[in-house]
>>> print(open('work_23.cif').read())   # mmCIF, C-alpha atoms
data_entry
#
loop_
_atom_site.label_atom_id
_atom_site.label_comp_id
_atom_site.auth_asym_id
_atom_site.auth_seq_id
_atom_site.Cartn_x
_atom_site.Cartn_y
_atom_site.Cartn_z
CA MET T 393 -14.48 9.23 -31.69
CA ALA T 394 -13.24 11.90 -29.26
CA GLU T 395 -16.31 11.39 -27.07
CA ALA T 396 -15.74 7.63 -27.00
CA MET T 397 -12.11 8.18 -25.96
CA ASP T 398 -13.16 10.63 -23.24
CA ASN T 399 -15.64 8.08 -21.89
CA ARG T 400 -12.94 5.39 -21.92
CA ILE T 401 -10.58 7.61 -19.94
CA GLU T 402 -13.26 8.56 -17.42
CA THR T 403 -14.20 4.90 -16.98
CA ALA T 404 -10.54 4.04 -16.43
CA TYR T 405 -10.16 6.70 -13.75
CA ARG T 406 -13.31 5.50 -11.99
CA GLU T 407 -11.87 1.99 -11.85
CA CYS T 408 -8.64 3.33 -10.36
CA ALA T 409 -10.70 5.19 -7.74
CA ARG T 410 -12.53 1.94 -6.93
CA ILE T 411 -9.22 0.10 -6.50
CA THR T 412 -7.91 2.83 -4.19
CA ARG T 413 -11.10 2.93 -2.12
CA SER T 414 -11.19 -0.86 -1.68
CA SER T 415 -7.47 -1.25 -0.95
CA SER T 416 -6.48 1.58 1.37
CA SER T 417 -8.63 3.71 3.64
CA ASN T 418 -5.67 5.89 4.65
CA PHE T 419 -4.76 6.84 1.11
CA TYR T 420 -8.34 7.17 -0.06
CA ILE T 421 -9.19 9.57 2.76
CA GLY T 422 -6.08 11.62 2.09
CA PHE T 423 -6.77 11.85 -1.64
CA LEU T 424 -10.27 13.21 -1.04
CA ALA T 425 -8.63 16.52 -0.11
CA LEU T 426 -7.51 16.98 -3.74
CA PRO T 427 -9.25 18.75 -6.61
CA ASN T 428 -10.77 16.21 -9.00
CA GLU T 429 -8.17 16.47 -11.76
CA LEU T 430 -5.30 15.87 -9.35
CA ARG T 431 -7.20 13.25 -7.39
CA ARG T 432 -7.86 11.00 -10.34
CA ALA T 433 -4.20 11.15 -11.44
CA ILE T 434 -3.20 10.07 -7.93
CA TYR T 435 -5.80 7.29 -8.03
CA ALA T 436 -4.19 6.05 -11.25
CA THR T 437 -0.76 6.13 -9.62
CA TYR T 438 -2.00 4.23 -6.57
CA ALA T 439 -3.75 1.61 -8.70
CA PHE T 440 -0.57 1.08 -10.71
CA CYS T 441 1.46 0.58 -7.52
CA ARG T 442 -1.20 -1.75 -6.14
CA LEU T 443 -1.04 -3.84 -9.32
CA CYS T 444 2.75 -4.19 -9.06
CA ASP T 445 2.57 -5.07 -5.36
CA ASP T 446 -0.11 -7.69 -5.90
CA ILE T 447 1.82 -9.34 -8.72
CA VAL T 448 4.64 -10.01 -6.25
CA ASP T 449 2.73 -10.54 -2.99
CA GLU T 450 -0.33 -12.34 -4.36
CA PRO T 451 0.78 -13.94 -7.65
CA ALA T 452 -1.91 -15.49 -9.79
CA SER T 453 -1.83 -19.26 -10.08
CA GLY T 454 0.58 -20.36 -12.78
CA ARG T 455 1.97 -16.85 -13.29
CA ASP T 456 5.62 -15.97 -12.73
CA PRO T 457 5.86 -12.61 -10.92
CA ALA T 458 9.08 -11.59 -12.68
CA THR T 459 7.54 -12.26 -16.09
CA GLU T 460 4.39 -10.38 -15.11
CA LEU T 461 6.42 -7.33 -14.07
CA ASP T 462 8.19 -7.48 -17.42
CA LEU T 463 4.78 -7.36 -19.08
CA VAL T 464 3.77 -4.41 -16.91
CA GLN T 465 6.89 -2.50 -17.95
CA ALA T 466 6.27 -3.34 -21.59
CA ALA T 467 2.71 -2.09 -21.25
CA LEU T 468 3.98 1.09 -19.63
CA ASP T 469 6.23 1.64 -22.66
CA ASN T 470 3.55 0.68 -25.17
CA ARG T 471 0.11 -0.35 -23.99
CA THR T 472 -0.67 -2.34 -27.13
CA VAL T 473 2.11 -4.92 -26.82
CA THR T 474 0.89 -7.01 -23.87
CA ASN T 475 -2.31 -8.36 -22.37
CA TYR T 476 -2.35 -5.27 -20.13
CA GLY T 477 -3.07 -3.07 -23.14
CA ASP T 478 -6.78 -2.69 -22.38
CA ASP T 479 -6.39 -2.60 -18.60
CA PRO T 480 -8.02 0.61 -17.31
CA ILE T 481 -5.04 1.23 -15.02
CA PHE T 482 -2.79 1.76 -18.03
CA VAL T 483 -5.37 3.86 -19.84
CA ALA T 484 -5.52 6.16 -16.81
CA VAL T 485 -1.75 6.16 -16.16
CA GLU T 486 -0.98 6.99 -19.77
CA HIS T 487 -3.42 9.91 -19.66
CA ALA T 488 -1.97 11.16 -16.34
CA ILE T 489 1.59 10.96 -17.67
CA GLU T 490 0.65 13.02 -20.70
CA ARG T 491 -1.53 15.49 -18.79
CA PHE T 492 1.04 16.27 -16.09
CA ASP T 493 4.20 15.60 -18.12
CA LEU T 494 5.31 12.96 -15.62
CA ASP T 495 8.68 11.25 -15.82
CA LYS T 496 7.89 7.65 -16.79
CA GLN T 497 11.09 6.55 -15.03
CA TYR T 498 9.34 7.06 -11.69
CA PHE T 499 6.85 4.33 -12.65
CA VAL T 500 9.69 2.09 -13.84
CA ASP T 501 11.35 2.59 -10.46
CA VAL T 502 8.20 1.27 -8.77
CA ILE T 503 8.41 -1.85 -10.93
CA ASP T 504 12.12 -2.26 -10.13
CA GLY T 505 11.39 -1.94 -6.42
CA CYS T 506 8.83 -4.71 -6.63
CA ARG T 507 11.37 -6.81 -8.51
CA MET T 508 13.64 -6.48 -5.49
CA ASP T 509 10.98 -8.23 -3.39
CA ILE T 510 11.24 -11.21 -5.73
CA GLY T 511 14.99 -11.68 -5.52
CA THR T 512 15.88 -10.12 -2.16
CA ASP T 513 14.55 -11.03 1.28
CA ARG T 514 17.34 -9.58 3.45
CA TYR T 515 19.40 -6.35 3.43
CA GLU T 516 22.90 -6.14 4.85
CA THR T 517 23.05 -2.37 5.38
CA PHE T 518 20.74 0.63 5.50
CA ASP T 519 22.33 1.93 2.30
CA GLU T 520 21.04 -1.20 0.56
CA LEU T 521 17.62 -0.84 2.15
CA SER T 522 17.39 2.82 1.17
CA VAL T 523 17.64 1.82 -2.51
CA TYR T 524 14.55 -0.33 -2.04
CA CYS T 525 12.71 2.44 -0.14
CA ARG T 526 13.45 4.96 -2.88
CA ARG T 527 12.17 2.66 -5.60
CA VAL T 528 8.92 1.55 -3.97
CA ALA T 529 8.05 4.73 -2.05
CA SER T 530 10.11 7.81 -2.94
CA SER T 531 9.29 7.29 -6.62
CA VAL T 532 5.61 7.63 -5.69
CA GLY T 533 6.36 10.80 -3.75
CA LEU T 534 8.12 12.21 -6.81
CA ILE T 535 5.10 11.38 -8.97
CA CYS T 536 2.81 13.11 -6.47
CA ILE T 537 4.83 16.32 -6.21
CA SER T 538 5.10 16.37 -10.02
CA ILE T 539 1.30 16.20 -10.24
CA PHE T 540 0.82 18.85 -7.56
CA GLY T 541 3.50 21.16 -8.93
CA HIS T 542 6.17 22.80 -6.80
CA GLN T 543 7.96 26.06 -6.24
CA SER T 544 11.51 24.86 -5.67
CA PRO T 545 13.93 22.21 -6.97
CA ASN T 546 14.40 21.23 -3.32
CA ALA T 547 10.86 19.82 -3.42
CA LEU T 548 12.15 16.72 -5.19
CA LYS T 549 14.69 16.02 -2.44
CA TYR T 550 12.10 16.53 0.29
CA ALA T 551 9.58 14.31 -1.53
CA ASP T 552 12.27 11.64 -1.70
CA ASP T 553 12.83 11.91 2.06
CA LEU T 554 9.10 11.76 2.82
CA GLY T 555 8.76 8.61 0.73
CA ILE T 556 11.55 6.96 2.72
CA ALA T 557 9.84 8.03 5.95
CA PHE T 558 6.58 6.39 4.85
CA GLN T 559 8.32 3.16 3.84
CA LEU T 560 10.33 2.93 7.05
CA THR T 561 7.08 3.33 8.98
CA ASN T 562 5.54 0.48 7.00
CA ILE T 563 8.60 -1.69 7.66
CA LEU T 564 8.47 -1.09 11.41
CA ARG T 565 4.72 -1.65 11.61
CA ASP T 566 4.84 -4.87 9.57
CA ILE T 567 7.95 -6.56 11.01
CA ARG T 568 6.12 -9.67 12.19
CA GLU T 569 3.95 -10.01 9.08
CA ASP T 570 6.94 -9.60 6.76
CA TYR T 571 8.93 -12.17 8.73
CA SER T 572 6.09 -14.67 8.39
CA ASN T 573 6.31 -14.10 4.63
CA GLY T 574 10.03 -14.78 4.63
CA ARG T 575 11.27 -11.18 4.49
CA VAL T 576 13.32 -9.12 6.92
CA TYR T 577 13.84 -5.51 5.94
CA LEU T 578 15.77 -4.26 8.96
CA PRO T 579 19.49 -4.26 8.05
CA ARG T 580 21.45 -7.27 9.22
CA ASP T 581 24.39 -5.20 10.43
CA GLU T 582 22.04 -3.27 12.74
CA LEU T 583 20.48 -6.48 14.06
CA ARG T 584 23.97 -7.63 14.99
CA GLU T 585 24.86 -4.25 16.50
CA PHE T 586 21.85 -4.37 18.84
CA GLY T 587 22.16 -8.08 19.59
CA VAL T 588 18.82 -9.04 18.02
CA SER T 589 18.09 -12.30 16.24
CA GLU T 590 15.46 -12.17 13.52
CA THR T 591 13.81 -15.20 15.10
CA GLU T 592 12.51 -12.76 17.74
CA PHE T 593 10.18 -11.37 15.07
CA ALA T 594 7.99 -14.44 15.46
CA LEU T 595 7.51 -13.93 19.22
CA ASP T 596 4.63 -12.23 21.02
CA THR T 597 6.93 -10.34 23.36
CA SER T 598 9.96 -8.20 22.60
CA SER T 599 13.33 -8.25 24.32
CA ALA T 600 15.09 -5.19 25.70
CA ASN T 601 17.55 -5.35 22.80
CA PHE T 602 14.70 -5.49 20.29
CA ARG T 603 13.07 -2.43 21.84
CA ARG T 604 16.34 -0.53 21.71
CA LEU T 605 16.71 -1.45 18.06
CA LEU T 606 13.18 -0.29 17.27
CA ARG T 607 13.65 3.00 19.09
CA PHE T 608 16.75 3.58 16.98
CA GLN T 609 14.72 2.89 13.84
CA VAL T 610 11.90 5.18 14.99
CA ASP T 611 14.37 8.03 15.54
CA ARG T 612 15.81 7.51 12.06
CA ALA T 613 12.35 7.60 10.50
CA ARG T 614 11.48 10.77 12.42
CA GLY T 615 14.51 12.44 10.89
CA TYR T 616 13.20 11.62 7.43
CA TYR T 617 9.78 13.05 8.36
CA GLU T 618 11.37 16.27 9.62
CA ARG T 619 13.18 16.75 6.33
CA GLY T 620 10.45 15.36 4.09
CA GLU T 621 7.63 17.50 5.47
CA ARG T 622 9.45 20.56 4.14
CA VAL T 623 7.92 19.63 0.77
CA ILE T 624 4.42 20.55 1.96
CA PRO T 625 4.66 24.38 1.74
CA LEU T 626 6.53 24.05 -1.56
CA ALA T 627 3.63 22.28 -3.31
CA THR T 628 1.66 24.49 -5.68
CA ARG T 629 -1.48 22.45 -5.05
CA GLY T 630 -2.41 19.45 -2.94
CA ARG T 631 -0.86 20.72 0.28
CA GLN T 632 -3.72 19.44 2.44
CA CYS T 633 -3.33 15.97 0.95
CA LEU T 634 0.40 15.94 1.66
CA GLU T 635 -0.18 17.24 5.18
CA LEU T 636 -2.82 14.63 5.87
CA MET T 637 -0.87 11.67 4.49
CA SER T 638 2.25 12.71 6.38
CA GLY T 639 0.11 13.19 9.48
CA PHE T 640 -1.37 9.69 9.19
CA TYR T 641 1.97 7.97 8.77
CA SER T 642 3.93 10.02 11.29
CA ARG T 643 1.16 9.35 13.84
CA ILE T 644 1.57 5.61 13.25
CA LEU T 645 5.29 6.06 13.89
CA ASP T 646 4.50 8.00 17.07
CA LYS T 647 2.24 5.19 18.26
CA ILE T 648 5.02 2.67 17.66
CA GLY T 649 7.21 4.81 19.91
CA GLU T 650 4.47 5.26 22.49
CA GLU T 651 3.97 1.49 22.66
CA ASP T 652 7.66 1.19 23.52
CA ALA T 653 8.32 -0.24 20.09
CA ASP T 654 5.94 -3.16 20.67
CA VAL T 655 5.08 -4.16 17.12
CA LEU T 656 5.12 -7.91 17.75
CA SER T 657 2.02 -8.43 19.88
CA ASN T 658 -0.25 -6.20 17.80
CA ARG T 659 -0.28 -4.31 14.52
CA ILE T 660 -0.19 -0.56 15.06
CA SER T 661 -2.93 1.34 13.22
CA LEU T 662 -5.09 4.44 13.42
CA SER T 663 -8.67 4.32 14.62
CA THR T 664 -11.49 5.84 12.60
CA SER T 665 -11.86 8.61 15.19
CA GLU T 666 -8.15 9.44 14.96
CA LYS T 667 -8.35 9.69 11.18
CA LEU T 668 -11.45 11.85 11.37
CA SER T 669 -9.89 14.16 13.95
CA MET T 670 -6.73 14.58 11.88
CA THR T 671 -8.72 15.15 8.68
CA LEU T 672 -10.83 17.85 10.31
CA GLY T 673 -7.72 19.46 11.77
CA VAL T 674 -6.02 19.66 8.37
CA ALA T 675 -9.19 21.04 6.78
CA TRP T 676 -9.54 23.65 9.53
CA ARG T 677 -5.93 24.80 9.17
CA GLY T 678 -6.33 24.95 5.40
CA ALA T 679 -9.46 27.07 5.71
CA TRP T 680 -7.73 29.51 8.06
CA ARG T 681 -4.74 29.79 5.72
CA THR T 682 -7.15 30.65 2.90
CA VAL T 683 -8.87 33.26 5.06
CA GLY T 684 -5.50 34.73 5.94
CA ARG T 685 -4.43 34.99 2.32
CA ASN T 686 -7.73 36.57 1.30
CA GLY T 687 -7.45 39.02 4.17
CA GLN T 688 -3.98 40.01 3.04
CA ARG T 689 -5.18 40.57 -0.48
CA ASP T 690 -8.13 42.63 0.74
CA GLY T 691 -5.81 44.67 2.93
CA ASN T 692 -3.53 45.38 0.01
#
>>> encode(input="work_23.cif", output="structure tokens")
Amino acid sequence: MAEAMDNRIETAYRECARITRSSSSNFYIGFLALPNELRRAIYATYAFCRLCDDIVDEPASGRDPATELDLVQAALDNRTVTNYGDDPIFVAVEHAIERFDLDKQYFVDVIDGCRMDIGTDRYETFDELSVYCRRVASSVGLICISIFGHQSPNALKYADDLGIAFQLTNILRDIREDYSNGRVYLPRDELREFGVSETEFALDTSSANFRRLLRFQVDRARGYYERGERVIPLATRGRQCLELMSGFYSRILDKIGEEDADVLSNRISLSTSEKLSMTLGVAWRGAWRTVGRNGQRDGN
């Protein structure tokens, strides 16, 4: 019986790894830097988030997204009560929650963030938007730092900031795509302040006011990166993964700035060579840190 359960769990984690690999090259590359036990828990977390996103963004024919999210939350509370009970994602998530003593509320927050995408397509202020960012992104950061372990209670605050930084980067990169899907995440009061109409989001060229607005948003996101990246040295394990993921996303933000905030004519992304260079750089720095620590121990 125990062997059958172990096989079921391993199969579930493999499916979560497949989902991660097929859905996101950035995340999959970053997760490869983790030891296996941590990596598979992160795969389970990513697969869970992907499921919630897809329910809202790509709803199955005849399925109501709000009802489906209710079923997901019910399955999270008790896997046997809905048709998600045998889904490998929930088998893996349940095991990860128990193994790393994760706060289940973080997963509920992800669900609640996706619910916001059903009922809300505009935000009046940044305070309102930040609630959304914390639910869909910071909650994931809190799960990750809980899996990695940390050396300070401040790690939770920094993980929260890093999650907001990631989500703001996504919002800036995807302005045109989100607008075509009926959503505008940039706060309305800031659009008015900079004299920008959301109808500009459908254009191929950006106005001077739009570029000023985007530069303001880039600067705000950079502030969240500066605070959020303080979590990296506080992590007990998984530092290279955190460094790499933050590097990927902050580099996308830098490219948005370098393109003079031109996110309308093309979608900003990283090339394969850029990802490889950054991955090797993080690995090299990690190796030298290890050598330095070993040298200190030998010297003592």
>>> closest_residue(input="work_23.cif", among="T:Gly620, T:Phe608, T:Val523, T:Gly587", to="Asp552 of chain T", atoms="all atoms listed in the file")
T:Gly620
>>> residues_around(input="work_23.cif", residues="segment 496-498 of chain T", least_positions_apart="2", cutoff="8 Å", atoms="all atoms listed in the file", output="ChimeraX atom specification")
/T:489,494,500-502,531-532,534-535
>>> resolve_selection(input="work_23.cif", expression="the PyMOL selection byres ((chain T and resi 632) around 7)", output="VMD selection string")
chain T and resid 425 630 to 631 633 to 636 674 678
>>> residues_around(input="work_23.cif", residues="Asn601 of chain T", least_positions_apart="2", cutoff="7 Å", atoms="all atoms listed in the file", output="NGL selection string")
:T and (586-588 or 599 or 603-605)
>>> closest_residue(input="work_23.cif", among="T:Met508, T:Ala458, T:Ile567, T:Met670", to="Leu521 of chain T", atoms="all atoms listed in the file")
T:Met508
>>> closest_residue(input="work_23.cif", among="T:Leu424, T:Val623, T:Asp495, T:Asp398", to="Pro545 of chain T", atoms="all atoms listed in the file")
T:Val623
>>> residues_around(input="work_23.cif", residues="segment 558-564 of chain T", least_positions_apart="3", cutoff="7 Å", atoms="all atoms listed in the file", output="number ranges by chain")
T: 525, 529, 554-555, 567, 577, 613, 641, 645
>>> atom_distance(input="work_23.cif", atom1="atom CA of Leu430 of chain T", atom2="atom CA of Arg442 of chain T")
18.4 Å
>>> atom_distance(input="work_23.cif", atom1="atom CA of Tyr571 of chain T", atom2="atom CA of Ser642 of chain T")
22.9 Å
>>> closest_residue(input="work_23.cif", among="T:Ala551, T:Ile411, T:Leu626, T:Phe499", to="Ala466 of chain T", atoms="all atoms listed in the file")
T:Phe499
>>> residues_near_point(input="work_23.cif", point="(24.2, -7.3, 10.1)", cutoff="12 Å", atoms="all atoms listed in the file", output="mmCIF file with C-alpha atoms, keeping the file's coordinate frame")
data_model
loop_
_atom_site.group_PDB
_atom_site.id
_atom_site.type_symbol
_atom_site.label_atom_id
_atom_site.label_comp_id
_atom_site.auth_asym_id
_atom_site.auth_seq_id
_atom_site.Cartn_x
_atom_site.Cartn_y
_atom_site.Cartn_z
ATOM 1 C CA ARG T 514 17.340 -9.580 3.450
ATOM 2 C CA TYR T 515 19.400 -6.350 3.430
ATOM 3 C CA GLU T 516 22.900 -6.140 4.850
ATOM 4 C CA THR T 517 23.050 -2.370 5.380
ATOM 5 C CA PHE T 518 20.740 0.630 5.500
ATOM 6 C CA GLU T 520 21.040 -1.200 0.560
ATOM 7 C CA VAL T 576 13.320 -9.120 6.920
ATOM 8 C CA TYR T 577 13.840 -5.510 5.940
ATOM 9 C CA LEU T 578 15.770 -4.260 8.960
ATOM 10 C CA PRO T 579 19.490 -4.260 8.050
ATOM 11 C CA ARG T 580 21.450 -7.270 9.220
ATOM 12 C CA ASP T 581 24.390 -5.200 10.430
ATOM 13 C CA GLU T 582 22.040 -3.270 12.740
ATOM 14 C CA LEU T 583 20.480 -6.480 14.060
ATOM 15 C CA ARG T 584 23.970 -7.630 14.990
ATOM 16 C CA GLU T 585 24.860 -4.250 16.500
ATOM 17 C CA PHE T 586 21.850 -4.370 18.840
ATOM 18 C CA GLY T 587 22.160 -8.080 19.590
ATOM 19 C CA VAL T 588 18.820 -9.040 18.020
ATOM 20 C CA SER T 589 18.090 -12.300 16.240
ATOM 21 C CA GLU T 590 15.460 -12.170 13.520
#
>>> resolve_selection(input="work_23.cif", expression="the PyMOL selection byres ((chain T and resi 593) around 10)", output="list of chain:residue names")
T:Ile567, T:Arg568, T:Glu569, T:Asp570, T:Tyr571, T:Ser572, T:Val576, T:Val588, T:Ser589, T:Glu590, T:Thr591, T:Glu592, T:Ala594, T:Leu595, T:Asp596, T:Thr597, T:Ser598, T:Phe602, T:Val655, T:Leu656, T:Ser657
>>> build_atoms(input="work_23.cif", residues="segment 642-668 of chain T", atoms="N, CA and C atoms", output="CSV table (one decimal), in the coordinates of the input")
chain,number,residue,atom,x,y,z
T,642,SER,N,3.1,9.6,10.2
T,642,SER,CA,3.9,10.0,11.3
T,642,SER,C,3.2,9.7,12.6
T,643,ARG,N,1.9,9.7,12.6
T,643,ARG,CA,1.2,9.4,13.8
T,643,ARG,C,1.3,7.8,14.1
T,644,ILE,N,1.3,7.0,13.1
T,644,ILE,CA,1.6,5.6,13.2
T,644,ILE,C,3.0,5.4,13.8
T,645,LEU,N,3.9,6.2,13.3
T,645,LEU,CA,5.3,6.1,13.9
T,645,LEU,C,5.3,6.5,15.4
T,646,ASP,N,4.6,7.6,15.7
T,646,ASP,CA,4.5,8.0,17.1
T,646,ASP,C,3.9,6.9,18.0
T,647,LYS,N,2.9,6.2,17.5
T,647,LYS,CA,2.2,5.2,18.3
T,647,LYS,C,3.2,4.0,18.5
T,648,ILE,N,4.0,3.7,17.5
T,648,ILE,CA,5.0,2.7,17.7
T,648,ILE,C,6.0,3.1,18.8
T,649,GLY,N,6.4,4.3,18.8
T,649,GLY,CA,7.2,4.8,19.9
T,649,GLY,C,6.5,4.8,21.2
T,650,GLU,N,5.2,5.2,21.2
T,650,GLU,CA,4.5,5.3,22.5
T,650,GLU,C,4.2,3.9,23.1
T,651,GLU,N,4.2,2.9,22.2
T,651,GLU,CA,4.0,1.5,22.7
T,651,GLU,C,5.3,0.8,23.0
T,652,ASP,N,6.3,1.7,23.2
T,652,ASP,CA,7.7,1.2,23.5
T,652,ASP,C,8.1,0.2,22.5
T,653,ALA,N,7.9,0.6,21.2
T,653,ALA,CA,8.3,-0.2,20.1
T,653,ALA,C,7.7,-1.7,20.1
T,654,ASP,N,6.6,-1.8,20.6
T,654,ASP,CA,5.9,-3.2,20.7
T,654,ASP,C,5.1,-3.4,19.4
T,655,VAL,N,5.8,-3.9,18.4
T,655,VAL,CA,5.1,-4.2,17.1
T,655,VAL,C,4.9,-5.7,16.9
T,656,LEU,N,5.2,-6.5,17.9
T,656,LEU,CA,5.1,-7.9,17.8
T,656,LEU,C,3.8,-8.4,18.2
T,657,SER,N,3.3,-7.9,19.3
T,657,SER,CA,2.0,-8.4,19.9
T,657,SER,C,0.8,-7.9,19.2
T,658,ASN,N,0.9,-6.7,18.5
T,658,ASN,CA,-0.2,-6.2,17.8
T,658,ASN,C,0.2,-5.3,16.7
T,659,ARG,N,-0.6,-5.2,15.7
T,659,ARG,CA,-0.3,-4.3,14.5
T,659,ARG,C,-0.8,-2.9,14.8
T,660,ILE,N,0.1,-1.9,14.8
T,660,ILE,CA,-0.2,-0.6,15.1
T,660,ILE,C,-1.0,0.0,13.9
T,661,SER,N,-2.1,0.7,14.2
T,661,SER,CA,-2.9,1.3,13.2
T,661,SER,C,-3.6,2.5,13.8
T,662,LEU,N,-4.3,3.3,13.0
T,662,LEU,CA,-5.1,4.4,13.4
T,662,LEU,C,-6.6,4.1,13.5
T,663,SER,N,-7.2,4.5,14.5
T,663,SER,CA,-8.7,4.3,14.6
T,663,SER,C,-9.4,5.3,13.7
T,664,THR,N,-10.7,5.0,13.4
T,664,THR,CA,-11.5,5.8,12.6
T,664,THR,C,-11.6,7.2,13.2
T,665,SER,N,-11.7,7.3,14.5
T,665,SER,CA,-11.9,8.6,15.2
T,665,SER,C,-10.6,9.4,15.1
T,666,GLU,N,-9.4,8.7,15.1
T,666,GLU,CA,-8.2,9.4,15.0
T,666,GLU,C,-8.0,10.0,13.5
T,667,LYS,N,-8.4,9.2,12.6
T,667,LYS,CA,-8.4,9.7,11.2
T,667,LYS,C,-9.3,10.9,11.0
T,668,LEU,N,-10.5,10.8,11.5
T,668,LEU,CA,-11.4,11.8,11.4
T,668,LEU,C,-10.9,13.1,12.0
